[in-house]
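Participant: Data: structure20.txt, compact mmCIF, C-alpha atoms.
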```
# COMPACT_ATOMS: atom_id res chain seq x y z
CA VAL C 1 25.15 1.28 8.36
CA MET C 2 23.04 -1.06 10.48
CA TYR C 3 24.15 -4.65 10.94
CA LEU C 4 23.86 -7.54 13.41
CA ASP C 5 26.90 -8.57 15.41
CA PRO C 6 27.55 -11.43 15.80
CA PRO C 7 25.61 -12.63 12.75
CA LEU C 8 22.85 -15.21 12.95
CA GLU C 9 25.11 -17.78 11.29
CA ASN C 10 27.14 -17.85 14.49
CA ALA C 11 24.04 -18.59 16.54
CA ARG C 12 23.05 -21.39 14.20
CA ALA C 13 26.53 -22.88 14.34
CA SER C 14 26.49 -22.67 18.14
CA TRP C 15 23.13 -24.41 18.39
CA VAL C 16 24.24 -27.16 16.03
CA GLN C 17 27.42 -27.65 18.06
CA GLN C 18 25.37 -27.88 21.26
CA LEU C 19 23.09 -30.45 19.65
CA HIS C 20 26.14 -32.47 18.60
CA ALA C 21 27.54 -32.21 22.16
CA TRP C 22 24.31 -33.56 23.65
CA LEU C 23 24.25 -36.42 21.18
CA ALA C 24 27.93 -37.14 21.82
CA ALA C 25 27.34 -37.30 25.57
CA VAL C 26 25.52 -40.57 24.92
CA CYS C 27 26.91 -41.80 21.64
CA ARG C 28 30.56 -41.53 22.73
CA GLN C 29 30.09 -43.57 25.88
CA ARG C 30 32.18 -46.75 25.66
CA ARG C 31 30.41 -50.02 25.95
CA PRO C 32 31.39 -52.32 28.88
CA GLN C 33 33.12 -55.45 27.50
CA ALA C 34 32.48 -58.67 29.42
CA THR C 35 35.56 -60.94 29.06
CA ARG C 36 34.70 -63.64 31.60
CA TYR C 37 32.23 -64.67 34.22
CA GLU C 38 31.81 -67.98 36.14
CA VAL C 39 28.74 -69.71 37.47
CA VAL C 40 29.32 -72.36 40.18
CA THR C 41 26.90 -75.27 40.33
CA GLN C 42 25.38 -76.26 43.64
CA GLY C 43 23.43 -79.44 42.94
CA ASP C 44 20.20 -80.04 41.07
CA ASP C 45 20.90 -77.26 38.62
CA ASP C 46 20.73 -74.56 41.34
CA LEU C 47 22.86 -71.54 40.43
CA ASP C 48 24.75 -69.41 42.89
CA TYR C 49 24.78 -65.83 41.62
CA ASP C 50 26.89 -64.68 44.54
CA ASN C 51 30.02 -66.02 42.83
CA LEU C 52 29.48 -64.21 39.50
CA THR C 53 32.60 -62.35 38.37
CA LEU C 54 32.50 -59.59 35.74
CA GLU C 55 35.70 -58.14 34.34
CA TYR C 56 35.89 -54.96 32.27
CA ASP C 57 38.73 -54.37 29.85
CA PRO C 58 38.51 -50.82 28.40
CA GLY C 59 41.29 -51.59 25.95
CA GLN C 60 39.36 -54.23 24.05
CA ALA C 61 37.19 -53.21 21.15
CA VAL C 62 35.36 -56.55 21.13
CA GLY C 63 34.64 -58.73 24.13
CA THR C 64 33.54 -62.33 24.61
CA LEU C 65 30.85 -63.58 26.90
CA GLN C 66 31.35 -67.17 28.14
CA THR C 67 29.21 -69.34 30.42
CA VAL C 68 31.00 -71.89 32.56
CA ALA C 69 29.56 -75.05 34.18
CA THR C 70 26.47 -75.38 32.04
CA ASP C 71 25.12 -78.54 30.55
CA GLY C 72 24.38 -77.06 27.08
CA PRO C 73 26.75 -75.85 24.39
CA SER C 74 28.53 -72.50 24.81
CA PRO C 75 26.86 -69.54 23.03
CA GLN C 76 28.61 -67.89 20.09
CA PRO C 77 30.43 -64.62 20.70
CA LYS C 78 28.35 -61.48 19.87
CA GLN C 79 30.00 -58.49 18.16
CA HIS C 80 29.42 -54.91 19.57
CA GLY C 81 30.85 -51.48 18.76
CA ALA C 82 33.15 -49.79 21.18
CA THR C 83 30.63 -46.89 21.69
CA TYR C 84 26.91 -46.29 21.44
CA ARG C 85 27.16 -44.38 18.18
CA ASP C 86 24.90 -46.87 16.46
CA LEU C 87 22.00 -45.64 18.63
CA LEU C 88 21.49 -42.76 16.18
CA SER C 89 20.25 -45.22 13.58
CA ARG C 90 17.78 -46.68 16.08
CA LEU C 91 16.06 -43.41 17.00
CA PRO C 92 12.42 -42.92 15.89
CA ASN C 93 12.00 -41.77 12.30
CA GLY C 94 12.74 -38.04 11.82
CA CYS C 95 13.86 -37.47 15.41
CA VAL C 96 17.22 -35.95 14.51
CA GLN C 97 15.69 -34.09 11.56
CA GLN C 98 13.17 -32.50 13.90
CA ALA C 99 15.99 -31.24 16.10
CA TYR C 100 17.71 -29.64 13.11
CA GLY C 101 14.35 -28.25 11.97
CA ALA C 102 13.78 -26.63 15.37
CA ILE C 103 17.16 -24.91 15.05
CA MET C 104 16.31 -23.62 11.56
CA ASP C 105 12.90 -22.40 12.74
CA MET C 106 14.58 -20.46 15.55
CA VAL C 107 17.06 -18.93 13.09
CA GLN C 108 14.21 -17.97 10.75
CA GLN C 109 12.25 -16.28 13.53
CA ALA C 110 15.31 -14.33 14.61
CA SER C 111 16.10 -13.40 11.00
CA SER C 112 12.57 -12.11 10.42
CA TYR C 113 12.79 -9.86 13.45
CA VAL C 114 16.27 -8.60 12.52
CA GLN C 115 15.03 -7.71 9.03
CA ILE C 116 12.40 -5.44 10.58
CA TRP C 117 15.21 -3.41 12.13
CA LEU C 118 17.49 -3.53 9.10
CA GLN C 119 14.78 -2.07 6.87
CA TYR C 120 15.09 1.19 8.81
CA GLN C 121 18.42 1.67 7.05
CA ALA C 122 16.24 3.21 4.33
CA LEU C 123 15.69 6.21 6.60
CA TRP C 124 19.27 7.24 5.88
CA ASP C 125 19.39 6.07 2.25
CA LEU C 126 16.04 7.43 0.99
CA GLN C 127 15.80 10.88 -0.59
CA THR C 128 12.89 13.19 0.25
CA ASP C 129 12.38 14.17 -3.39
CA TYR C 130 11.88 10.54 -4.37
CA VAL C 131 9.19 10.07 -1.70
CA LEU C 132 7.36 13.22 -2.74
CA GLN C 133 7.49 12.20 -6.39
CA PHE C 134 6.16 8.75 -5.54
CA LEU C 135 3.24 10.10 -3.52
CA GLY C 136 2.39 12.85 -5.98
CA GLU C 137 -0.92 14.58 -5.21
CA ASP C 138 -2.85 11.41 -4.40
CA LEU C 139 -4.32 12.21 -0.97
CA ALA C 140 -5.35 8.60 -0.35
CA ARG C 141 -1.76 7.45 -0.91
CA TRP C 142 -0.48 10.13 1.46
CA GLN C 143 -2.92 9.00 4.16
CA SER C 144 -1.92 5.36 3.74
CA MET C 145 1.73 6.34 4.03
CA LEU C 146 1.16 8.27 7.26
CA LEU C 147 -0.89 5.46 8.81
CA GLU C 148 1.81 2.96 7.88
CA ILE C 149 4.49 5.21 9.38
CA ARG C 150 2.56 5.38 12.63
CA ARG C 151 2.00 1.61 12.79
CA ALA C 152 5.68 0.93 12.12
CA ARG C 153 6.69 2.89 15.24
CA SER C 154 5.55 -0.04 17.41
CA THR C 155 8.81 -1.83 16.58
CA PHE C 156 11.14 0.66 18.27
CA ASP C 157 8.88 3.02 20.20
CA THR C 158 9.04 0.90 23.36
CA SER C 159 10.85 0.86 26.69
CA ALA C 160 12.28 -2.62 26.03
CA THR C 161 15.78 -2.93 24.58
CA THR C 162 15.95 -6.68 23.89
CA LYS C 163 13.91 -9.26 22.01
CA HIS C 164 13.81 -12.88 23.15
CA VAL C 165 13.40 -15.43 20.38
CA GLY C 166 12.71 -18.72 22.04
CA ALA C 167 14.56 -19.48 25.25
CA HIS C 168 18.15 -19.21 24.02
CA CYS C 169 18.32 -16.25 21.63
CA VAL C 170 18.38 -12.60 22.75
CA ILE C 171 18.59 -9.73 20.25
CA ASP C 172 19.86 -6.51 21.84
CA TYR C 173 18.84 -3.41 19.85
CA GLU C 174 19.58 -0.72 22.43
CA GLN C 175 22.39 0.84 20.36
CA VAL C 176 20.23 1.50 17.30
CA GLN C 177 16.92 2.20 19.03
CA SER C 178 17.58 5.84 19.89
CA LYS C 179 19.13 6.62 16.48
CA VAL C 180 16.26 5.05 14.56
CA ASN C 181 13.75 6.84 16.79
CA ALA C 182 15.32 10.24 16.16
CA LYS C 183 15.61 9.70 12.42
CA TYR C 184 12.07 8.36 12.24
CA ASP C 185 10.73 11.40 14.08
CA GLY C 186 12.39 13.64 11.52
CA TRP C 187 10.94 11.74 8.59
CA GLN C 188 7.47 11.58 10.13
CA HIS C 189 7.44 15.30 10.87
CA GLU C 190 8.54 16.17 7.36
CA ILE C 191 6.01 13.88 5.67
CA LEU C 192 3.27 15.16 7.98
CA SER C 193 4.12 18.77 7.17
CA LYS C 194 4.11 18.12 3.42
CA PHE C 195 0.79 16.31 3.64
CA GLY C 196 -0.73 19.09 5.74
CA ALA C 197 0.30 21.69 3.15
CA LEU C 198 -1.01 19.57 0.26
CA LEU C 199 -4.31 18.83 2.00
CA GLY C 200 -4.84 22.47 2.98
CA SER C 201 -4.19 23.65 -0.58
CA SER C 202 -6.48 20.98 -2.05
CA VAL C 203 -9.30 21.80 0.39
CA ARG C 204 -9.10 25.50 -0.37
CA THR C 205 -8.95 24.97 -4.16
CA THR C 206 -11.92 22.58 -4.12
CA TRP C 207 -13.90 24.90 -1.88
CA GLN C 208 -13.31 27.74 -4.33
CA GLN C 209 -14.40 25.61 -7.28
CA ILE C 210 -17.60 24.53 -5.51
CA ALA C 211 -18.38 28.10 -4.44
CA GLU C 212 -17.89 29.39 -7.99
CA ALA C 213 -20.11 26.61 -9.32
CA ARG C 214 -22.82 27.52 -6.80
CA HIS C 215 -22.69 31.21 -7.78
CA LYS C 216 -22.79 30.23 -11.44
CA LEU C 217 -25.92 28.16 -10.88
CA GLU C 218 -27.58 30.98 -8.97
CA GLN C 219 -27.04 33.35 -11.89
CA HIS C 220 -28.91 31.09 -14.33
CA ALA C 221 -32.62 31.76 -14.24
CA THR C 222 -34.95 28.79 -14.46
CA GLU C 223 -37.11 30.69 -16.97
CA SER C 224 -34.76 31.75 -19.78
CA SER C 225 -36.05 34.09 -22.46
CA THR C 226 -33.69 33.18 -25.28
CA THR C 227 -32.64 29.87 -26.73
CA SER C 228 -28.95 30.62 -26.18
CA GLU C 229 -29.61 31.15 -22.48
CA VAL C 230 -31.44 27.83 -22.32
CA VAL C 231 -28.53 26.09 -24.00
CA ALA C 232 -26.04 27.71 -21.63
CA PHE C 233 -28.19 26.75 -18.63
CA ILE C 234 -28.52 23.09 -19.64
CA THR C 235 -24.84 22.66 -20.49
CA CYS C 236 -23.83 24.32 -17.22
CA VAL C 237 -25.97 21.94 -15.16
CA GLN C 238 -24.70 18.88 -17.01
CA GLU C 239 -21.06 19.90 -16.72
CA LEU C 240 -21.41 20.42 -12.98
CA LYS C 241 -23.18 17.07 -12.59
CA ARG C 242 -20.18 15.40 -14.24
CA LYS C 243 -17.86 17.04 -11.71
CA CYS C 244 -19.97 16.03 -8.70
CA PRO C 245 -18.61 12.46 -8.21
CA GLU C 246 -15.03 13.71 -7.90
CA TRP C 247 -15.99 16.55 -5.58
CA GLN C 248 -18.08 14.20 -3.47
CA ARG C 249 -15.17 11.77 -3.11
CA LEU C 250 -12.85 14.57 -2.04
CA VAL C 251 -15.22 16.23 0.40
CA GLU C 252 -16.74 13.16 2.06
CA HIS C 253 -13.70 10.89 2.13
CA GLU C 254 -10.32 12.44 1.35
CA PHE C 255 -10.67 15.75 3.20
CA ARG C 256 -12.46 14.41 6.25
CA GLY C 257 -10.13 11.38 6.49
CA GLY C 258 -7.04 13.49 5.92
CA GLN C 259 -7.99 15.95 8.65
CA ARG C 260 -8.61 13.04 11.04
CA VAL C 261 -5.13 11.66 10.29
CA LEU C 262 -3.58 15.06 11.00
CA GLU C 263 -5.46 15.37 14.27
CA LYS C 264 -4.37 11.93 15.47
CA GLN C 265 -0.76 12.76 14.72
CA ARG C 266 -0.96 16.12 16.52
CA PHE C 267 -0.49 18.33 13.49
CA GLN C 268 -0.35 22.04 14.26
CA PHE C 269 -3.08 23.53 12.07
CA PRO C 270 -2.31 27.06 10.82
CA SER C 271 -4.62 29.92 11.75
CA ASP C 272 -6.07 30.16 8.22
CA TRP C 273 -6.76 26.42 7.94
CA MET C 274 -10.06 25.57 6.26
CA TYR C 275 -11.61 22.72 8.21
CA ALA C 276 -13.68 19.92 6.71
CA ASP C 277 -16.89 21.32 8.21
CA GLN C 278 -16.57 24.49 6.16
CA ILE C 279 -16.21 22.78 2.80
CA GLU C 280 -18.93 20.28 3.71
CA ASN C 281 -21.34 23.17 4.32
CA GLU C 282 -20.46 24.69 0.96
CA TRP C 283 -20.85 21.30 -0.70
CA SER C 284 -24.27 20.82 0.88
CA ALA C 285 -25.49 24.25 -0.32
CA PHE C 286 -24.21 23.58 -3.83
CA GLY C 287 -25.87 20.15 -3.93
CA GLU C 288 -29.22 21.62 -2.92
CA ILE C 289 -29.14 24.26 -5.68
CA LEU C 290 -27.99 21.72 -8.26
CA ARG C 291 -30.89 19.38 -7.41
CA ARG C 292 -33.40 22.20 -7.81
CA LYS C 293 -31.99 23.25 -11.16
CA ASP C 294 -31.90 19.68 -12.42
CA ASN C 295 -35.52 19.17 -11.37
CA VAL C 296 -36.50 22.25 -13.37
CA ILE C 297 -34.82 20.79 -16.44
CA GLN C 298 -36.65 17.51 -16.02
CA GLU C 299 -40.01 19.24 -15.57
CA GLN C 300 -39.54 21.48 -18.63
CA LEU C 301 -37.85 18.87 -20.80
CA PRO C 302 -40.28 19.02 -23.80
CA THR C 303 -40.16 22.81 -23.90
CA LEU C 304 -36.39 22.85 -23.62
CA GLN C 305 -36.04 20.35 -26.43
CA LEU C 306 -38.09 22.58 -28.71
CA LYS C 307 -35.88 25.54 -27.89
CA ILE C 308 -32.76 23.51 -28.62
CA VAL C 309 -34.17 22.47 -31.99
CA ALA C 310 -34.89 26.10 -32.78
CA GLU C 311 -31.39 27.15 -31.76
CA ASP C 312 -29.94 24.36 -33.91
CA ARG C 313 -31.83 25.65 -36.94
CA ALA C 314 -30.68 29.20 -36.27
CA VAL C 315 -27.05 28.10 -36.07
CA ASP C 316 -27.50 26.10 -39.28
CA ALA C 317 -28.87 29.19 -41.01
CA ARG C 318 -25.89 31.25 -39.84
CA ILE C 319 -23.53 28.61 -41.23
CA ASP C 320 -25.33 28.75 -44.61
CA ALA C 321 -25.00 32.54 -44.60
CA LEU C 322 -21.30 32.31 -43.82
CA CYS C 323 -20.71 29.84 -46.64
CA ALA C 324 -22.65 32.02 -49.08
CA ASP C 325 -20.72 35.12 -48.05
CA TRP C 326 -17.46 33.23 -48.47
CA GLU C 327 -18.32 32.20 -52.00
CA ARG C 328 -19.10 35.82 -52.89
CA SER C 329 -16.31 37.57 -51.03
CA LYS C 330 -13.34 35.25 -50.76
CA PRO C 331 -10.17 37.13 -51.66
CA VAL C 332 -9.03 35.43 -54.86
CA GLN C 333 -8.76 38.46 -57.14
CA GLY C 334 -5.26 39.11 -58.40
CA SER C 335 -5.64 42.88 -58.05
CA LEU C 336 -6.56 42.70 -54.35
CA ARG C 337 -4.07 44.27 -51.97
CA PRO C 338 -2.46 41.88 -49.40
CA ASP C 339 -3.65 43.85 -46.39
CA ALA C 340 -7.23 43.86 -47.66
CA ALA C 341 -7.09 40.09 -48.31
CA SER C 342 -5.73 39.50 -44.81
CA ALA C 343 -8.52 41.60 -43.27
CA THR C 344 -11.17 39.65 -45.18
CA LEU C 345 -9.69 36.31 -44.10
CA ALA C 346 -9.53 37.46 -40.46
CA ALA C 347 -13.20 38.52 -40.52
CA PHE C 348 -14.32 35.18 -41.91
CA GLN C 349 -12.11 33.35 -39.44
CA ALA C 350 -13.71 35.22 -36.54
CA ARG C 351 -17.22 34.37 -37.77
CA ALA C 352 -16.28 30.70 -38.25
CA THR C 353 -14.73 30.46 -34.79
CA ARG C 354 -17.84 31.96 -33.21
CA LEU C 355 -20.08 29.55 -35.07
CA GLU C 356 -17.94 26.60 -34.04
CA GLY C 357 -18.52 27.58 -30.41
CA GLU C 358 -22.27 27.78 -31.00
CA ILE C 359 -22.28 24.40 -32.72
CA GLU C 360 -20.44 22.81 -29.81
CA LEU C 361 -22.83 24.43 -27.33
CA VAL C 362 -25.88 23.06 -29.14
CA ARG C 363 -24.29 19.64 -29.43
CA ARG C 364 -23.69 19.42 -25.69
CA ALA C 365 -27.23 20.61 -24.99
CA LYS C 366 -28.59 17.87 -27.23
CA GLU C 367 -26.52 15.27 -25.44
CA ALA C 368 -27.79 16.53 -22.08
CA LEU C 369 -31.40 16.23 -23.24
CA ASP C 370 -30.87 12.83 -24.92
CA MET C 371 -31.35 14.22 -28.44
CA ASP C 372 -29.56 13.20 -31.63
CA ALA C 373 -26.42 15.28 -32.01
CA ALA C 374 -25.18 14.99 -35.58
CA ARG C 375 -21.90 16.80 -36.24
CA ASP C 376 -21.89 19.58 -38.85
CA GLU C 377 -18.63 19.37 -40.79
CA ARG C 378 -19.10 22.34 -43.12
CA LEU C 379 -16.74 24.52 -41.11
CA LEU C 380 -14.01 21.94 -40.95
CA PRO C 381 -10.85 22.83 -42.91
```
I'd like the structure from this file rewritten - as structure tokens, please.

Facilitator:
Amino acid sequence: VMYLDPPLENARASWVQQLHAWLAAVCRQRRPQATRYEVVTQGDDDLDYDNLTLEYDPGQAVGTLQTVATDGPSPQPKQHGATYRDLLSRLPNGCVQQAYGAIMDMVQQASSYVQIWLQYQALWDLQTDYVLQFLGEDLARWQSMLLEIRRARSTFDTSATTKHVGAHCVIDYEQVQSKVNAKYDGWQHEILSKFGALLGSSVRTTWQQIAEARHKLEQHATESSTTSEVVAFITCVQELKRKCPEWQRLVEHEFRGGQRVLEKQRFQFPSDWMYADQIENEWSAFGEILRRKDNVIQEQLPTLQLKIVAEDRAVDARIDALCADWERSKPVQGSLRPDAASATLAAFQARATRLEGEIELVRRAKEALDMDAARDERLLP
């Protein structure tokens, strides 16, 4: 357990006591009490100050000041305190409060710095599973965590062992510096290793997805002979276009930035590591093919729309045929054997499932070509 000894409350109490001592050095001084002095006249109102006598009586709390041999009336005695404690009330406004405020500011600065050290107690209290669950598979969050870990090392990764707060407060952290450093190194190495494994797996998975998408595009001919091939081609292009923003974010930002973070923190890349340059090349090749295919669709848009309309009519005709066959052949006869009824139901179910796939394919093709895509509900249960 990390703690500060002695606590900051002791420092504050010491500073307040020192302030009181400085104030007492003046305020507790006893006032000189004049009990008597004489002035001897030497003609024509000339005064001889050489014969002035001043007596001090430290035992008197109140003294009297009298003037002898004067022509006017004697002045009235003036009351004074025994010390100069009343000077505190004559100080400029807020002077004492500013002194107390300076003490509190010093305590606050020291407390803020101590809290930076005390937060490293979490290195011993935190569980690795909790950190991994918190970070999940968000690569951006992992990168932010690693950058923050590296920045936080500036507190203890130094040759100094003390921190001066002002001119009268010294915080000695030598005893905890080496322990925090060792524990921090362990945490940083573990987090870095986990992030390296996650990033490597994500790069390889994304590269495989992009490569498969590129091969899939290459297999689709720009001049399709059948309507079903046209529908498959259009839907394939549109599906890949929807995936592009996520792939672009990963390739251009997450993977490149993550590899840079690993390099700065001296991560040992395995021999089979797939570097950012490799997936960027694959991404560039895929993007070029996708642009060409999309341009073909835009150039042949009227022709493709006609083919989609034709395919829609063909699917509609197949649905009508299925409904007609169902009305003629549905197994409702009481003399029908159970196995024969089950076989008939399975055959109709297979035809309906296949038609549902064709309907969905046509619907997506219509959406890709900005055509009305009304939903056919005849096959719904």

Participant: I'd like to know which of C:Cys95, C:Val131, C:Ala368, C:Met145 is closest to Phe233 (chain C), using only C-alpha atoms.

Facilitator: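 Closest candidate: C:Ala368.
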
Participant: Which distance in Å separates CA of Cys169 (chain C) and CA of Asn181 (chain C), to one decimal?

Facilitator: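 Interatomic distance here is 24.0 Å.
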
Participant: I want to know what sits within 12 Å of Ala197 (chain C), based on only C-alpha atoms, with residues of the same chain fewer than 2 positions away left out; could you give that as a ChimeraX atom specification?

Facilitator: /C:137,139,142,190-195,199-204,258-259,262,267-270,272-274

Participant: Nearest to Ala276 (chain C): which of C:Val114, C:Val296, C:Leu301, C:Leu250 is it, counting only C-alpha atoms?

Facilitator: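 Closest candidate: C:Leu250.
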
Participant: Would you mind reading off the distance between CA of Ser284 (chain C) and CA of Leu146 (chain C), one decimal, in Å?

Facilitator: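 Atom-to-atom, CA of Ser284 (chain C) to CA of Leu146 (chain C), that is 29.1 Å.
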
Participant: Using all atoms listed in the file, which of the listed residues (C:Ser329, C:Glu212, C:Glu254, C:Leu147) sits closest to Ala341 (chain C)?

Facilitator: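 Closest residue, counting all atoms listed in the file: C:Ser329.
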
Participant: List as a list in words the protein and nucleic acid residues near region 310-327 of chain C, meaning an atom at most 8 Å away when all atoms listed in the file are counted, but skip any in the same chain fewer than 5 places from it.

Facilitator: Thr227, Ser228, Phe348, Arg351, Ala352, Leu355, Glu358, Ile359, Val362, Arg378 and Leu379 of chain C

Participant: May I ask for the distance between CA of Cys244 (chain C) and CA of Gln143 (chain C), given in Å to one decimal place?

Facilitator: 22.5 Å

Participant: How would you write as a VMD selection string the residues that get within 9 Å of (16.8, -17.5, 13.3) in the file's frame, counting all atoms listed in the file?

Facilitator: chain C and resid 8 to 9 11 to 12 103 to 114 165 169

Participant: Select, from C:Ala211, C:Arg85, C:Leu118, C:Leu4, the residue with the minimum atom-to-atom distance to Asp172 (chain C), counting only C-alpha atoms.

Facilitator: C:Leu4

Participant: Missing atoms in region 174-182 of chain C: can you complete it with all heavy atoms, as a tab-separated table (two decimals), keeping the file's coordinate frame?

Facilitator:
```
chain	number	residue	atom	x	y	z
C	174	GLU	N	19.51	-1.98	21.70
C	174	GLU	CA	19.58	-0.72	22.43
C	174	GLU	C	20.42	0.31	21.68
C	174	GLU	O	20.10	1.52	21.67
C	174	GLU	CB	20.17	-0.96	23.81
C	174	GLU	CG	20.23	0.29	24.68
C	174	GLU	CD	20.78	0.00	26.06
C	174	GLU	OE1	21.23	-1.16	26.30
C	174	GLU	OE2	20.77	0.91	26.90
C	175	GLN	N	21.49	-0.11	21.01
C	175	GLN	CA	22.39	0.84	20.36
C	175	GLN	C	21.74	1.55	19.18
C	175	GLN	O	22.09	2.69	18.88
C	175	GLN	CB	23.66	0.11	19.90
C	175	GLN	CG	24.50	-0.46	21.04
C	175	GLN	CD	25.79	-1.09	20.54
C	175	GLN	OE1	26.17	-0.89	19.39
C	175	GLN	NE2	26.45	-1.84	21.40
C	176	VAL	N	20.84	0.89	18.49
C	176	VAL	CA	20.23	1.50	17.30
C	176	VAL	C	18.86	2.10	17.60
C	176	VAL	O	18.33	2.88	16.79
C	176	VAL	CB	20.09	0.47	16.16
C	176	VAL	CG1	21.46	-0.04	15.75
C	176	VAL	CG2	19.20	-0.69	16.58
C	177	GLN	N	18.28	1.77	18.74
C	177	GLN	CA	16.92	2.20	19.03
C	177	GLN	C	16.80	3.72	19.06
C	177	GLN	O	15.91	4.30	18.41
C	177	GLN	CB	16.45	1.61	20.36
C	177	GLN	CG	15.00	1.89	20.69
C	177	GLN	CD	14.57	1.23	21.98
C	177	GLN	OE1	15.39	0.91	22.82
C	177	GLN	NE2	13.28	1.02	22.13
C	178	SER	N	17.67	4.39	19.77
C	178	SER	CA	17.58	5.84	19.89
C	178	SER	C	17.86	6.54	18.55
C	178	SER	O	17.20	7.52	18.21
C	178	SER	CB	18.56	6.35	20.95
C	178	SER	OG	19.89	5.97	20.62
C	179	LYS	N	18.81	6.01	17.78
C	179	LYS	CA	19.13	6.62	16.48
C	179	LYS	C	17.98	6.47	15.50
C	179	LYS	O	17.63	7.41	14.78
C	179	LYS	CB	20.41	6.00	15.91
C	179	LYS	CG	21.64	6.27	16.75
C	179	LYS	CD	22.88	5.64	16.15
C	179	LYS	CE	24.13	5.91	17.00
C	179	LYS	NZ	25.34	5.29	16.42
C	180	VAL	N	17.40	5.28	15.46
C	180	VAL	CA	16.26	5.05	14.56
C	180	VAL	C	15.09	5.93	15.00
C	180	VAL	O	14.38	6.51	14.15
C	180	VAL	CB	15.87	3.57	14.56
C	180	VAL	CG1	14.55	3.36	13.84
C	180	VAL	CG2	16.96	2.73	13.89
C	181	ASN	N	14.86	6.04	16.28
C	181	ASN	CA	13.75	6.84	16.79
C	181	ASN	C	13.89	8.30	16.37
C	181	ASN	O	12.93	8.93	15.91
C	181	ASN	CB	13.69	6.72	18.31
C	181	ASN	CG	12.29	6.92	18.84
C	181	ASN	OD1	11.45	7.49	18.17
C	181	ASN	ND2	12.04	6.47	20.05
C	182	ALA	N	15.10	8.84	16.53
C	182	ALA	CA	15.32	10.24	16.16
C	182	ALA	C	15.15	10.46	14.66
C	182	ALA	O	14.52	11.43	14.22
C	182	ALA	CB	16.71	10.67	16.61
```
